[in-house]
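As stored in target.txt (compact mmCIF, C-alpha atoms and all ligand atoms):
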# COMPACT_ATOMS: atom_id res chain seq x y z
CA MET A 709 133.78 40.96 133.57
CA PHE A 710 134.92 44.26 134.99
CA ILE A 711 137.86 42.59 136.73
CA VAL A 712 138.86 40.79 133.54
CA ARG A 713 138.80 44.12 131.72
CA LEU A 714 140.82 45.78 134.41
CA LEU A 715 143.42 43.03 134.30
CA LEU A 716 143.60 43.25 130.53
CA LEU A 717 144.05 46.99 130.75
CA LYS A 718 146.74 46.67 133.40
CA SER A 719 148.72 44.11 131.46
CA LEU A 720 148.37 46.20 128.32
CA ILE A 721 149.65 49.30 130.11
CA ALA A 722 152.56 47.35 131.59
CA PHE A 723 153.35 46.04 128.13
CA ILE A 724 153.30 49.53 126.67
CA LEU A 725 155.45 51.02 129.42
CA VAL A 726 158.07 48.30 128.98
CA ASN A 727 158.17 49.16 125.28
CA ALA A 728 157.83 52.88 125.71
CA ASN A 729 161.27 53.67 124.41
CA VAL A 730 160.28 52.77 120.87
CA VAL A 731 161.97 54.86 118.21
CA GLY A 732 159.48 57.17 116.61
CA LEU A 733 159.14 59.74 113.94
CA GLU A 734 159.99 63.24 115.01
CA TRP A 735 156.84 65.32 114.92
CA THR A 736 158.87 68.47 114.60
CA GLN A 737 159.31 67.98 110.86
CA TYR A 738 157.48 66.42 107.94
CA HIS A 739 158.63 62.98 106.85
CA ASN A 740 158.74 61.22 103.51
CA LEU A 741 157.13 57.89 102.63
CA ASP A 742 160.16 55.72 103.48
CA GLU A 743 160.47 57.30 106.92
CA ILE A 744 156.78 56.81 107.66
CA TYR A 745 156.90 53.19 106.49
CA GLU A 746 160.03 52.53 108.55
CA TRP A 747 158.20 53.87 111.57
CA LEU A 748 155.32 51.46 110.88
CA SER A 749 157.75 48.53 110.72
CA GLU A 750 159.40 49.68 113.92
CA LEU A 751 156.06 49.74 115.72
CA GLU A 752 155.26 46.26 114.45
CA ARG A 753 158.63 44.93 115.63
CA LYS A 754 158.25 46.48 119.07
CA PHE A 755 154.55 45.94 119.67
CA SER A 756 153.72 42.68 117.93
CA PRO A 757 151.19 41.07 118.30
CA LEU A 758 149.37 44.23 119.42
CA VAL A 759 150.38 45.94 116.16
CA THR A 760 150.15 44.49 112.66
CA VAL A 761 151.20 46.21 109.45
CA TYR A 762 149.43 45.30 106.21
CA THR A 763 150.13 46.10 102.60
CA ILE A 764 146.60 46.68 101.40
CA GLY A 765 147.53 47.14 97.74
CA TYR A 766 149.86 48.97 95.39
CA SER A 767 149.78 52.38 93.80
CA TYR A 768 149.93 52.98 90.06
CA GLU A 769 153.73 53.29 90.30
CA ASN A 770 153.80 50.10 92.35
CA ARG A 771 154.50 51.55 95.76
CA PRO A 772 152.93 49.62 98.64
CA ILE A 773 149.95 51.20 100.37
CA LYS A 774 150.37 50.30 104.02
CA ALA A 775 147.96 50.14 106.91
CA ILE A 776 148.59 49.65 110.59
CA LYS A 777 146.16 47.82 112.83
CA ILE A 778 146.28 48.01 116.61
CA SER A 779 144.17 45.42 118.36
CA SER A 780 144.53 44.54 122.00
CA ARG A 781 141.81 41.90 122.23
CA PRO A 782 139.39 39.98 120.04
CA GLY A 783 135.80 41.12 119.64
CA ASN A 784 136.43 44.85 119.44
CA GLN A 785 134.79 47.11 116.92
CA ALA A 786 136.99 49.32 114.82
CA ILE A 787 137.88 52.94 114.21
CA PHE A 788 139.43 53.60 110.82
CA MET A 789 141.54 56.58 109.78
CA GLU A 790 143.22 57.49 106.53
CA SER A 791 145.38 60.43 105.53
CA ASN A 792 147.28 61.97 102.65
CA ILE A 793 144.87 60.81 99.96
CA HIS A 794 145.64 64.33 98.77
CA ALA A 795 149.39 64.43 98.34
CA ILE A 796 149.80 68.11 99.12
CA GLU A 797 148.21 67.85 102.59
CA TRP A 798 151.27 66.81 104.60
CA ILE A 799 149.79 67.76 107.94
CA SER A 800 147.17 65.02 107.53
CA SER A 801 149.67 62.14 107.82
CA ALA A 802 151.84 64.03 110.30
CA ALA A 803 148.86 64.44 112.65
CA SER A 804 147.43 60.96 112.15
CA THR A 805 150.76 59.21 112.81
CA CYS A 806 151.34 61.45 115.82
CA PHE A 807 147.92 60.50 117.16
CA VAL A 808 148.63 56.78 116.73
CA ASN A 809 151.95 57.28 118.49
CA LYS A 810 150.16 58.89 121.42
CA LEU A 811 147.64 56.08 121.46
CA LEU A 812 150.48 53.59 121.87
CA HIS A 813 152.59 55.54 124.34
CA SER A 814 150.35 57.76 126.42
CA ASP A 815 149.87 57.42 130.15
CA ASP A 816 146.49 59.15 129.80
CA LYS A 817 143.92 56.72 131.19
CA THR A 818 141.24 57.62 128.65
CA LEU A 819 143.60 57.07 125.75
CA GLN A 820 144.67 53.75 127.21
CA ASP A 821 141.05 52.78 127.55
CA LEU A 822 140.41 53.65 123.90
CA LEU A 823 143.39 51.54 122.93
CA LEU A 824 141.95 48.60 124.78
CA ARG A 825 138.37 48.97 123.68
CA TYR A 826 138.70 49.47 119.94
CA ASP A 827 140.66 48.11 117.04
CA TRP A 828 142.43 51.02 115.39
CA PHE A 829 143.36 51.24 111.74
CA LEU A 830 145.38 53.90 110.00
CA VAL A 831 146.39 54.14 106.36
CA PRO A 832 148.86 56.99 106.82
CA VAL A 833 149.55 57.63 103.15
CA MET A 834 146.68 56.68 100.86
CA ASN A 835 148.41 58.23 97.85
CA PRO A 836 152.08 57.17 98.02
CA ASP A 837 152.92 58.17 94.43
CA GLY A 838 151.53 61.68 94.77
CA PHE A 839 153.04 62.03 98.24
CA THR A 840 156.49 61.04 96.96
CA TYR A 841 156.03 63.45 94.06
CA THR A 842 155.37 66.30 96.50
CA HIS A 843 158.57 65.47 98.36
CA GLU A 844 160.78 65.08 95.31
CA ILE A 845 159.41 67.21 92.48
CA ASN A 846 156.37 69.38 93.10
CA ARG A 847 155.21 70.33 96.60
CA TRP A 848 151.83 71.43 95.19
CA TRP A 849 150.71 68.07 93.77
CA ARG A 850 147.30 66.79 94.88
CA LYS A 851 146.26 63.75 92.80
CA ASN A 852 147.77 60.33 92.17
CA ARG A 853 150.23 59.91 89.28
CA LYS A 854 148.41 57.70 86.78
CA PRO A 855 148.39 59.27 83.30
CA THR A 856 144.89 60.35 82.33
CA GLY A 857 145.52 59.75 78.63
CA PHE A 858 144.87 63.43 77.91
CA SER A 859 147.16 66.35 77.44
CA ASN A 860 146.98 70.11 77.21
CA GLU A 861 149.36 72.86 76.15
CA THR A 862 151.74 71.91 78.99
CA GLY A 863 152.00 68.28 77.88
CA PRO A 864 150.52 64.98 79.15
CA CYS A 865 148.17 65.24 82.14
CA TYR A 866 148.65 63.02 85.14
CA GLY A 867 146.54 62.01 88.04
CA THR A 868 143.03 61.61 89.37
CA ASP A 869 141.77 63.20 92.56
CA LEU A 870 141.37 59.97 94.52
CA ASN A 871 138.90 61.58 96.88
CA ARG A 872 136.53 62.20 93.95
CA ASN A 873 136.83 58.69 92.48
CA PHE A 874 134.79 56.55 94.89
CA ASN A 875 131.66 54.93 93.57
CA TYR A 876 129.02 56.76 95.54
CA GLU A 877 127.19 59.53 93.73
CA TRP A 878 130.29 59.77 91.58
CA LYS A 879 130.30 62.76 89.24
CA ARG A 880 127.29 64.37 90.89
CA SER A 881 129.29 67.35 92.02
CA GLY A 882 128.43 70.77 90.75
CA PHE A 883 132.10 71.68 90.63
CA PRO A 884 133.69 71.13 87.21
CA LEU A 885 135.79 68.00 87.60
CA ASN A 886 135.67 66.72 84.06
CA ASP A 887 138.92 68.28 82.91
CA PRO A 888 141.54 65.48 83.00
CA CYS A 889 144.21 68.12 83.54
CA ASP A 890 142.46 69.71 86.52
CA HIS A 891 143.52 69.20 90.13
CA TRP A 892 140.07 67.91 91.02
CA TYR A 893 139.66 65.50 88.10
CA HIS A 894 137.33 62.71 89.23
CA GLY A 895 138.62 60.08 86.79
CA SER A 896 137.16 58.58 83.64
CA GLY A 897 134.74 56.54 85.74
CA PRO A 898 134.16 55.59 89.38
CA ASP A 899 136.63 53.26 91.10
CA THR A 900 139.21 53.49 88.32
CA GLU A 901 142.25 54.13 90.52
CA PRO A 902 144.35 51.37 92.12
CA GLU A 903 144.69 53.29 95.39
CA VAL A 904 140.90 53.63 95.74
CA LEU A 905 140.39 49.95 94.94
CA ALA A 906 143.06 48.93 97.46
CA LEU A 907 141.23 50.73 100.27
CA GLN A 908 137.86 49.36 99.19
CA ASN A 909 139.15 45.78 98.94
CA PHE A 910 140.70 46.06 102.38
CA ILE A 911 137.52 47.41 103.94
CA ASN A 912 135.24 45.01 102.06
CA GLN A 913 136.80 42.04 103.82
CA PHE A 914 135.46 43.15 107.19
CA GLU A 915 132.10 42.11 108.56
CA ASP A 916 129.27 44.60 108.56
CA ASP A 917 129.20 46.69 111.74
CA TYR A 918 132.90 46.13 112.46
CA ILE A 919 133.95 49.66 111.50
CA ARG A 920 131.92 52.17 113.49
CA LEU A 921 133.81 55.36 112.90
CA TYR A 922 135.75 56.55 109.87
CA LEU A 923 137.90 59.64 109.72
CA ALA A 924 139.42 60.92 106.50
CA MET A 925 142.18 63.33 107.47
CA HIS A 926 142.68 66.36 105.24
CA ALA A 927 143.76 69.98 105.25
CA TYR A 928 143.02 72.78 105.45
CA GLY A 929 140.29 75.02 106.90
CA ASN A 930 139.38 73.47 110.29
CA PHE A 931 136.18 71.65 109.41
CA VAL A 932 134.46 68.46 110.45
CA LEU A 933 132.72 67.59 107.20
CA LEU A 934 129.92 65.05 107.24
CA PRO A 935 128.00 63.23 104.52
CA TYR A 936 126.78 64.13 102.01
CA GLY A 937 129.09 66.04 99.76
CA HIS A 938 127.10 65.94 96.53
CA THR A 939 124.05 67.83 97.74
CA SER A 940 122.94 70.55 100.13
CA GLU A 941 119.31 69.45 99.82
CA VAL A 942 119.34 65.88 101.12
CA PHE A 943 120.83 64.95 104.48
CA PRO A 944 121.81 61.58 105.97
CA PRO A 945 119.23 59.82 108.15
CA ASN A 946 121.35 60.24 111.29
CA TYR A 947 122.68 63.68 110.42
CA ASP A 948 121.63 65.14 113.76
CA GLN A 949 123.44 62.42 115.62
CA MET A 950 126.56 62.90 113.54
CA MET A 951 126.36 66.66 114.07
CA ARG A 952 126.31 66.22 117.83
CA ILE A 953 129.34 63.96 117.67
CA ALA A 954 131.13 66.35 115.33
CA GLN A 955 130.32 69.28 117.58
CA GLY A 956 131.71 67.34 120.56
CA PHE A 957 134.92 66.84 118.64
CA ALA A 958 135.05 70.51 117.68
CA ASP A 959 134.39 71.72 121.23
CA ALA A 960 137.11 69.53 122.70
CA ALA A 961 139.59 70.33 119.93
CA ALA A 962 139.12 74.07 120.53
CA ILE A 963 139.95 74.11 124.22
CA ARG A 964 143.73 74.38 124.18
CA TYR A 965 144.51 76.69 121.30
CA ASN A 966 141.10 78.20 120.61
CA THR A 967 141.02 76.72 117.13
CA THR A 968 137.50 76.85 115.76
CA PHE A 969 136.23 73.89 113.75
CA GLN A 970 133.04 74.28 111.78
CA CYS A 971 130.83 71.22 111.43
CA GLY A 972 128.32 70.21 108.82
CA ALA A 973 127.64 68.35 105.61
CA SER A 974 130.43 68.87 103.12
CA GLY A 975 127.77 69.78 100.54
CA LEU A 976 127.17 72.85 102.70
CA LEU A 977 130.67 73.69 103.81
CA ASN A 978 133.17 72.53 101.24
CA TYR A 979 135.21 75.22 99.58
CA SER A 980 134.22 74.06 96.12
CA GLY A 981 130.53 73.98 96.94
CA TYR A 982 130.05 70.26 96.43
CA VAL A 983 132.13 67.13 96.61
CA SER A 984 131.08 63.80 95.24
CA GLY A 985 132.76 60.44 95.12
CA ASP A 986 134.77 61.00 98.28
CA ALA A 987 135.84 58.32 100.74
CA LYS A 988 133.62 59.39 103.63
CA ASP A 989 130.44 59.35 101.51
CA TRP A 990 131.34 55.91 100.15
CA ILE A 991 132.00 54.60 103.65
CA TYR A 992 128.73 56.04 104.90
CA GLY A 993 126.55 55.48 101.85
CA VAL A 994 127.83 52.12 100.65
CA LYS A 995 129.43 50.52 103.72
CA ASN A 996 126.86 51.87 106.20
CA VAL A 997 129.44 52.99 108.73
CA PRO A 998 127.35 55.13 111.09
CA PHE A 999 129.82 57.95 111.57
CA ALA A 1000 132.03 59.12 108.73
CA ALA A 1001 133.76 62.47 108.52
CA THR A 1002 136.40 64.35 106.65
CA ILE A 1003 138.47 66.33 109.13
CA GLU A 1004 140.12 69.37 107.63
CA LEU A 1005 143.00 70.29 109.90
CA ARG A 1006 144.79 73.64 110.22
CA ASP A 1007 144.93 76.29 109.22
CA ASN A 1008 142.47 78.88 107.91
CA GLY A 1009 144.54 79.94 104.96
CA ARG A 1010 147.46 81.87 106.39
CA TYR A 1011 149.86 79.11 105.41
CA GLY A 1012 147.26 76.82 103.84
CA PHE A 1013 148.79 73.65 102.46
CA LEU A 1014 152.26 74.80 103.52
CA LEU A 1015 151.57 74.65 107.23
CA PRO A 1016 154.91 75.04 109.05
CA ALA A 1017 156.20 71.91 110.77
CA ASP A 1018 156.37 73.69 114.11
CA GLN A 1019 152.55 73.48 114.20
CA ILE A 1020 152.42 69.66 113.88
CA ALA A 1021 152.54 69.08 117.63
CA GLU A 1022 149.67 71.48 118.32
CA VAL A 1023 147.54 70.03 115.53
CA CYS A 1024 148.21 66.57 116.93
CA THR A 1025 147.12 67.75 120.37
CA GLU A 1026 143.92 69.24 118.92
CA LEU A 1027 143.15 66.01 117.11
CA THR A 1028 143.80 63.96 120.23
CA ASP A 1029 141.68 66.25 122.39
CA GLY A 1030 138.87 66.02 119.85
CA MET A 1031 139.07 62.25 119.78
CA LEU A 1032 139.22 62.02 123.54
CA GLU A 1033 136.54 64.50 124.30
CA LYS A 1034 137.48 64.54 127.95
CA ASN A 1035 133.88 64.70 129.05
CA GLU A 1036 133.35 60.96 128.95
CA ASN A 1037 134.59 60.31 125.49
CA LYS A 1038 131.20 60.79 123.89
CA LEU A 1039 132.40 60.88 120.33
CA ILE A 1040 133.62 57.34 120.30
CA LEU A 1041 130.88 56.00 122.53
CA ALA A 1042 128.09 57.58 120.53
CA ALA A 1043 129.47 56.50 117.23
CA THR A 1044 130.15 52.98 118.27
CA ARG A 1045 127.04 52.32 120.31
CA LYS A 1046 125.57 49.02 119.29
CA GLY A 1047 122.42 49.29 117.27
CA VAL A 1048 122.95 52.81 116.02
CA LYS A 1049 122.54 52.58 112.28
CA PRO A 1050 122.58 55.26 109.63
CA ASN A 1051 118.81 54.95 109.30
CA SER A 1052 118.06 55.29 113.02
CA ARG A 1053 117.06 58.89 112.65
CA ASP A 1054 116.31 60.26 116.08
CA ASN A 1055 115.31 63.79 115.21
CA PRO A 1056 113.77 64.68 111.87
CA LYS A 1057 114.53 68.38 112.24
CA CYS A 1058 118.05 69.48 111.60
CA GLN A 1059 118.79 72.79 113.17
CA TYR A 1060 122.15 73.04 111.49
CA ARG A 1061 121.15 72.84 107.88
CA THR A 1062 121.19 76.45 106.93
CA GLU A 1063 123.76 77.83 109.33
CA TYR A 1064 126.76 77.66 107.09
CA GLN A 1065 127.48 78.58 103.57
CA PRO A 1066 130.41 77.63 101.41
CA ARG A 1067 133.03 80.20 102.19
CA TRP A 1068 136.23 79.02 100.68
CA ARG A 1069 135.81 80.12 97.11
CA SER A 1070 138.16 83.02 97.62
CA GLN A 1071 140.82 80.62 98.82
CA VAL A 1072 140.82 78.29 95.84
CA PHE A 1073 144.15 78.47 94.12
CA ILE A 1074 144.54 78.45 90.40
CA LEU A 1075 147.76 76.59 89.68
CA ARG A 1076 149.45 76.89 86.34
CA TYR A 1077 152.02 74.44 85.16
CA SER A 1078 154.54 74.28 82.40
CA ASN A 1079 156.20 70.95 81.71
CA GLU A 1080 155.03 69.68 85.10
CA LYS A 1081 156.58 72.59 86.97
CA LEU A 1082 154.48 75.03 88.87
CA ILE A 1083 154.87 78.45 87.34
CA GLU A 1084 152.11 80.35 89.08
CA ALA A 1085 149.76 80.00 92.04
CA SER A 1086 147.11 82.64 92.31
CA LYS A 1087 143.88 82.93 94.24
CA ALA A 1088 140.78 82.29 92.21
ZN ZN B 1101 142.11 66.95 101.00
Take the structure I supplied and represent it as structure tokens, if you would.
Amino acid sequence: MFIVRLLLLKSLIAFILVNANVVGLEWTQYHNLDEIYEWLSELERKFSPLVTVYTIGYSYENRPIKAIKISSRPGNQAIFMESNIHAIEWISSAASTCFVNKLLHSDDKTLQDLLLRYDWFLVPVMNPDGFTYTHEINRWWRKNRKPTGFSNETGPCYGTDLNRNFNYEWKRSGFPLNDPCDHWYHGSGPDTEPEVLALQNFINQFEDDYIRLYLAMHAYGNFVLLPYGHTSEVFPPNYDQMMRIAQGFADAAAIRYNTTFQCGASGLLNYSGYVSGDAKDWIYGVKNVPFAATIELRDNGRYGFLLPADQIAEVCTELTDGMLEKNENKLILAATRKGVKPNSRDNPKCQYRTEYQPRWRSQVFILRYSNEKLIEASKA
């Protein structure tokens, strides 16, 4: 068995090295949707059948929502990543695509082993309409672009915060999300948005236990946010286990550039106090994936959403280090260990519960618009 694995690994590495001159994105600048999708197609052309690109659905404005799958052998369990569900957070797709590129091209033995042992999925741009809008019209856009049917003094209001629209404890948040013109509007009901449904339909086709680890990539603040978002009173059954994994990620990610990630339930740490109806809680609470996290990448507010492109490479390195966790790759192993279920609580006492308090309130921006153009951004 070991020899078979070794041979598989060797042939995979040889295959990758032969194809190592694949054209990639440049991770020295931010790219638009067409450039990211072209890169996906390029990977599929070069690496097929190792790489498959799927269109998992279409946005409100009929743009394809694409996913890449990397699978080197049958029988693997899967690690699933998504990014740019919030249009404004460009670093999320820049870092996730950079990580996938490293996964496919690295000569690091641990990365190559991860490539062999797991099926990898990435939906680089979950919100293609909003993302395109940030590139072409308004850099500060967050939501999708479906009209809400409401208007205010600035005109018709567009968009739902897709990461508040999932049908798990939807609308339970204490943060006011009911205003259809607000940046955090959760939608008129759960699961109303085509982008959310596309992801759910894609994930629903997989067998239970196939996806073992889910990472929703966001910015900013340097957090590893765990379920649940809607409460700071109730914690997931395997919260302690998830906290250890998250802490492992944070420790490894901090080594090179001394970037501090805080870990904990998003109900404790999120800037707005609570979050409900987000992807990670749906994945954990409905799909029973045993490790689900929202990773908030750089920075701590100096540049905020406008993180300069010359930091992409370092953020990508931090993400990769966190995923690798050089000390035996515990993050992945722990999360994907057979038999570990969300209800397999191994320690009823959670020492982390009260350590952190929401601390981002001072960094919430109030954005004012006139005819869809940003006229003012001030700190709340
Ligand atoms: Zn976000």
Worksheet item: Please, which residues have at least one atom within 12 Å of an atom of ligand ZN 1101 (chain B), using all atoms listed in the file, listed as a VMD selection string?
Response: chain A and resid 790 to 801 834 to 835 849 to 851 869 to 872 891 to 892 924 to 931 933 978 to 980 983 986 to 988 1002 to 1006 1012 to 1013
Writing out the chosen residues with C-alpha atoms as a PDB file, in the coordinates of the input:
ATOM      1  CA  GLU A 790     143.220  57.490 106.530  1.00  0.00           C
ATOM      2  CA  SER A 791     145.380  60.430 105.530  1.00  0.00           C
ATOM      3  CA  ASN A 792     147.280  61.970 102.650  1.00  0.00           C
ATOM      4  CA  ILE A 793     144.870  60.810  99.960  1.00  0.00           C
ATOM      5  CA  HIS A 794     145.640  64.330  98.770  1.00  0.00           C
ATOM      6  CA  ALA A 795     149.390  64.430  98.340  1.00  0.00           C
ATOM      7  CA  ILE A 796     149.800  68.110  99.120  1.00  0.00           C
ATOM      8  CA  GLU A 797     148.210  67.850 102.590  1.00  0.00           C
ATOM      9  CA  TRP A 798     151.270  66.810 104.600  1.00  0.00           C
ATOM     10  CA  ILE A 799     149.790  67.760 107.940  1.00  0.00           C
ATOM     11  CA  SER A 800     147.170  65.020 107.530  1.00  0.00           C
ATOM     12  CA  SER A 801     149.670  62.140 107.820  1.00  0.00           C
ATOM     13  CA  MET A 834     146.680  56.680 100.860  1.00  0.00           C
ATOM     14  CA  ASN A 835     148.410  58.230  97.850  1.00  0.00           C
ATOM     15  CA  TRP A 849     150.710  68.070  93.770  1.00  0.00           C
ATOM     16  CA  ARG A 850     147.300  66.790  94.880  1.00  0.00           C
ATOM     17  CA  LYS A 851     146.260  63.750  92.800  1.00  0.00           C
ATOM     18  CA  ASP A 869     141.770  63.200  92.560  1.00  0.00           C
ATOM     19  CA  LEU A 870     141.370  59.970  94.520  1.00  0.00           C
ATOM     20  CA  ASN A 871     138.900  61.580  96.880  1.00  0.00           C
ATOM     21  CA  ARG A 872     136.530  62.200  93.950  1.00  0.00           C
ATOM     22  CA  HIS A 891     143.520  69.200  90.130  1.00  0.00           C
ATOM     23  CA  TRP A 892     140.070  67.910  91.020  1.00  0.00           C
ATOM     24  CA  ALA A 924     139.420  60.920 106.500  1.00  0.00           C
ATOM     25  CA  MET A 925     142.180  63.330 107.470  1.00  0.00           C
ATOM     26  CA  HIS A 926     142.680  66.360 105.240  1.00  0.00           C
ATOM     27  CA  ALA A 927     143.760  69.980 105.250  1.00  0.00           C
ATOM     28  CA  TYR A 928     143.020  72.780 105.450  1.00  0.00           C
ATOM     29  CA  GLY A 929     140.290  75.020 106.900  1.00  0.00           C
ATOM     30  CA  ASN A 930     139.380  73.470 110.290  1.00  0.00           C
ATOM     31  CA  PHE A 931     136.180  71.650 109.410  1.00  0.00           C
ATOM     32  CA  LEU A 933     132.720  67.590 107.200  1.00  0.00           C
ATOM     33  CA  ASN A 978     133.170  72.530 101.240  1.00  0.00           C
ATOM     34  CA  TYR A 979     135.210  75.220  99.580  1.00  0.00           C
ATOM     35  CA  SER A 980     134.220  74.060  96.120  1.00  0.00           C
ATOM     36  CA  VAL A 983     132.130  67.130  96.610  1.00  0.00           C
ATOM     37  CA  ASP A 986     134.770  61.000  98.280  1.00  0.00           C
ATOM     38  CA  ALA A 987     135.840  58.320 100.740  1.00  0.00           C
ATOM     39  CA  LYS A 988     133.620  59.390 103.630  1.00  0.00           C
ATOM     40  CA  THR A1002     136.400  64.350 106.650  1.00  0.00           C
ATOM     41  CA  ILE A1003     138.470  66.330 109.130  1.00  0.00           C
ATOM     42  CA  GLU A1004     140.120  69.370 107.630  1.00  0.00           C
ATOM     43  CA  LEU A1005     143.000  70.290 109.900  1.00  0.00           C
ATOM     44  CA  ARG A1006     144.790  73.640 110.220  1.00  0.00           C
ATOM     45  CA  GLY A1012     147.260  76.820 103.840  1.00  0.00           C
ATOM     46  CA  PHE A1013     148.790  73.650 102.460  1.00  0.00           C
TER      47      PHE A1013
END
Practice prompt. For CA of Asp1029 in chain A and CA of Phe969 in chain A, determine how far apart the two atoms are, in Å to one decimal place.
Written response: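 Going from CA of Asp1029 in chain A over to CA of Phe969 in chain A, I get 12.8 Å.
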What are the closest atom pairs, with distances in Å to one decimal, for all residues of range 976-1040 of chain A lying within 7 Å of range 914-923 of chain A? Consider all atoms listed in the file, order rows by chain and residue number, and present the result as CSV.
residue,atom,partner,partner_atom,distance
A:Val997,CA,A:Arg920,CA,5.4
A:Pro998,CA,A:Arg920,CA,6.0
A:Phe999,CA,A:Leu921,CA,4.9
A:Ala1000,CA,A:Tyr922,CA,4.7
A:Ala1001,CA,A:Leu923,CA,5.2
A:Thr1002,CA,A:Leu923,CA,5.8
A:Ile1003,CA,A:Leu923,CA,6.7
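Once range 895-906 of chain A and its same-chain neighbours fewer than 2 positions away are set aside, Ile764, Gly765, Ser767, Thr868, Asn873, Phe874, Asn875, Tyr893, Gln908 and Asn909 of chain A remain within 6 Å of it when counting only C-alpha atoms.
Non-sequential neighbours of Leu741 in chain A (distance at most 8 Å, separation of 6 or more positions within a chain, all atoms listed in the file) are A:Val833, A:Pro836, A:Phe839, A:Thr840.
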Worksheet item: Which residue gives the smallest distance to Val808 in chain A among A:Trp848, A:Tyr768, A:Tyr866, A:Trp747, with only C-alpha atoms counted?
Response: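 The shortest atom-to-atom distance to Val808 in chain A comes from A:Trp747.
Here the question is which of A:Gln970, A:Ser881, A:Ser780, A:Asn886 gets nearest to Gln955 in chain A using all atoms listed in the file, and that residue is A:Gln970.
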Practice prompt. Between CA of Phe788 in chain A and CA of Glu877 in chain A, measure the distance and give it in Å to one decimal.
Written response: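 Atom-to-atom, CA of Phe788 in chain A and CA of Glu877 in chain A are spaced 21.8 Å apart.
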Discussion item. Is it possible to get the residues within 7 Å of (148.2, 52.3, 111.7) (coordinates as in the file, counting only C-alpha atoms) written as a list in words?
Written reply: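 Neighbouring residues, ordered by chain and number, come to Ala775, Ile776, Lys777, Ile778, Val808, Trp828, Phe829, Leu830, Val831 and Pro832 of chain A.
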What would the file look like if the residues just selected were written as a PDB file, keeping the file's coordinate frame with C-alpha atoms?
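Resulting contents of again.pdb:
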ATOM      1  CA  ALA A 775     147.960  50.140 106.910  1.00  0.00           C
ATOM      2  CA  ILE A 776     148.590  49.650 110.590  1.00  0.00           C
ATOM      3  CA  LYS A 777     146.160  47.820 112.830  1.00  0.00           C
ATOM      4  CA  ILE A 778     146.280  48.010 116.610  1.00  0.00           C
ATOM      5  CA  VAL A 808     148.630  56.780 116.730  1.00  0.00           C
ATOM      6  CA  TRP A 828     142.430  51.020 115.390  1.00  0.00           C
ATOM      7  CA  PHE A 829     143.360  51.240 111.740  1.00  0.00           C
ATOM      8  CA  LEU A 830     145.380  53.900 110.000  1.00  0.00           C
ATOM      9  CA  VAL A 831     146.390  54.140 106.360  1.00  0.00           C
ATOM     10  CA  PRO A 832     148.860  56.990 106.820  1.00  0.00           C
TER      11      PRO A 832
END
Worksheet item: Which value, in Å to one decimal, gives the distance between CA of Leu977 in chain A and CA of Phe807 in chain A?
Response: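 Those two atoms sit 25.5 Å apart.
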Worksheet item: Can you find the residues with an atom no farther than 9 Å from (156.9, 70.8, 109.4), counting all atoms listed in the file, and report them as a PyMOL selection string?
Response: chain A and resi 735-739+798-799+802+1014-1020
May I have the selected residues written with C-alpha atoms, as a PDB file, in the frame of the given file?
ATOM      1  CA  TRP A 735     156.840  65.320 114.920  1.00  0.00           C
ATOM      2  CA  THR A 736     158.870  68.470 114.600  1.00  0.00           C
ATOM      3  CA  GLN A 737     159.310  67.980 110.860  1.00  0.00           C
ATOM      4  CA  TYR A 738     157.480  66.420 107.940  1.00  0.00           C
ATOM      5  CA  HIS A 739     158.630  62.980 106.850  1.00  0.00           C
ATOM      6  CA  TRP A 798     151.270  66.810 104.600  1.00  0.00           C
ATOM      7  CA  ILE A 799     149.790  67.760 107.940  1.00  0.00           C
ATOM      8  CA  ALA A 802     151.840  64.030 110.300  1.00  0.00           C
ATOM      9  CA  LEU A1014     152.260  74.800 103.520  1.00  0.00           C
ATOM     10  CA  LEU A1015     151.570  74.650 107.230  1.00  0.00           C
ATOM     11  CA  PRO A1016     154.910  75.040 109.050  1.00  0.00           C
ATOM     12  CA  ALA A1017     156.200  71.910 110.770  1.00  0.00           C
ATOM     13  CA  ASP A1018     156.370  73.690 114.110  1.00  0.00           C
ATOM     14  CA  GLN A1019     152.550  73.480 114.200  1.00  0.00           C
ATOM     15  CA  ILE A1020     152.420  69.660 113.880  1.00  0.00           C
TER      16      ILE A1020
END
Would you kindly return, as a compact mmCIF listing (two decimals) with C-alpha atoms, in the frame of the given file, each protein, DNA or RNA residue with an atom no farther than 8 Å from any atom of range 958-966 of chain A, considering only C-alpha atoms and excluding same-chain residues fewer than 5 positions away?
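This went into selection.txt:
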# COMPACT_ATOMS: atom_id res chain seq x y z
CA VAL A 932 134.46 68.46 110.45
CA CYS A 971 130.83 71.22 111.43
CA GLU A 1022 149.67 71.48 118.32
CA THR A 1025 147.12 67.75 120.37
CA GLU A 1026 143.92 69.24 118.92
CA LEU A 1027 143.15 66.01 117.11
CA THR A 1028 143.80 63.96 120.23
CA ASP A 1029 141.68 66.25 122.39
CA GLY A 1030 138.87 66.02 119.85
CA LEU A 1032 139.22 62.02 123.54
CA GLU A 1033 136.54 64.50 124.30
CA LYS A 1034 137.48 64.54 127.95
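With all atoms listed in the file as the atoms that count, the residue of A:Asn912, A:Arg847, A:Ser804, A:Asn770 with the shortest distance to Asn996 in chain A is A:Asn912.
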Fill in: Contact residues around range 935-939 of chain A with all atoms listed in the file at 6 Å, ignoring same-chain residues under 6 positions, as a ChimeraX atom specification
/A:880-881,973-975,982-984,989
For the selection just defined, write its residues with C-alpha atoms to a file, as a CSV table (one decimal), keeping the file's coordinate frame.
chain,number,residue,atom,x,y,z
A,880,ARG,CA,127.3,64.4,90.9
A,881,SER,CA,129.3,67.4,92.0
A,973,ALA,CA,127.6,68.4,105.6
A,974,SER,CA,130.4,68.9,103.1
A,975,GLY,CA,127.8,69.8,100.5
A,982,TYR,CA,130.0,70.3,96.4
A,983,VAL,CA,132.1,67.1,96.6
A,984,SER,CA,131.1,63.8,95.2
A,989,ASP,CA,130.4,59.4,101.5
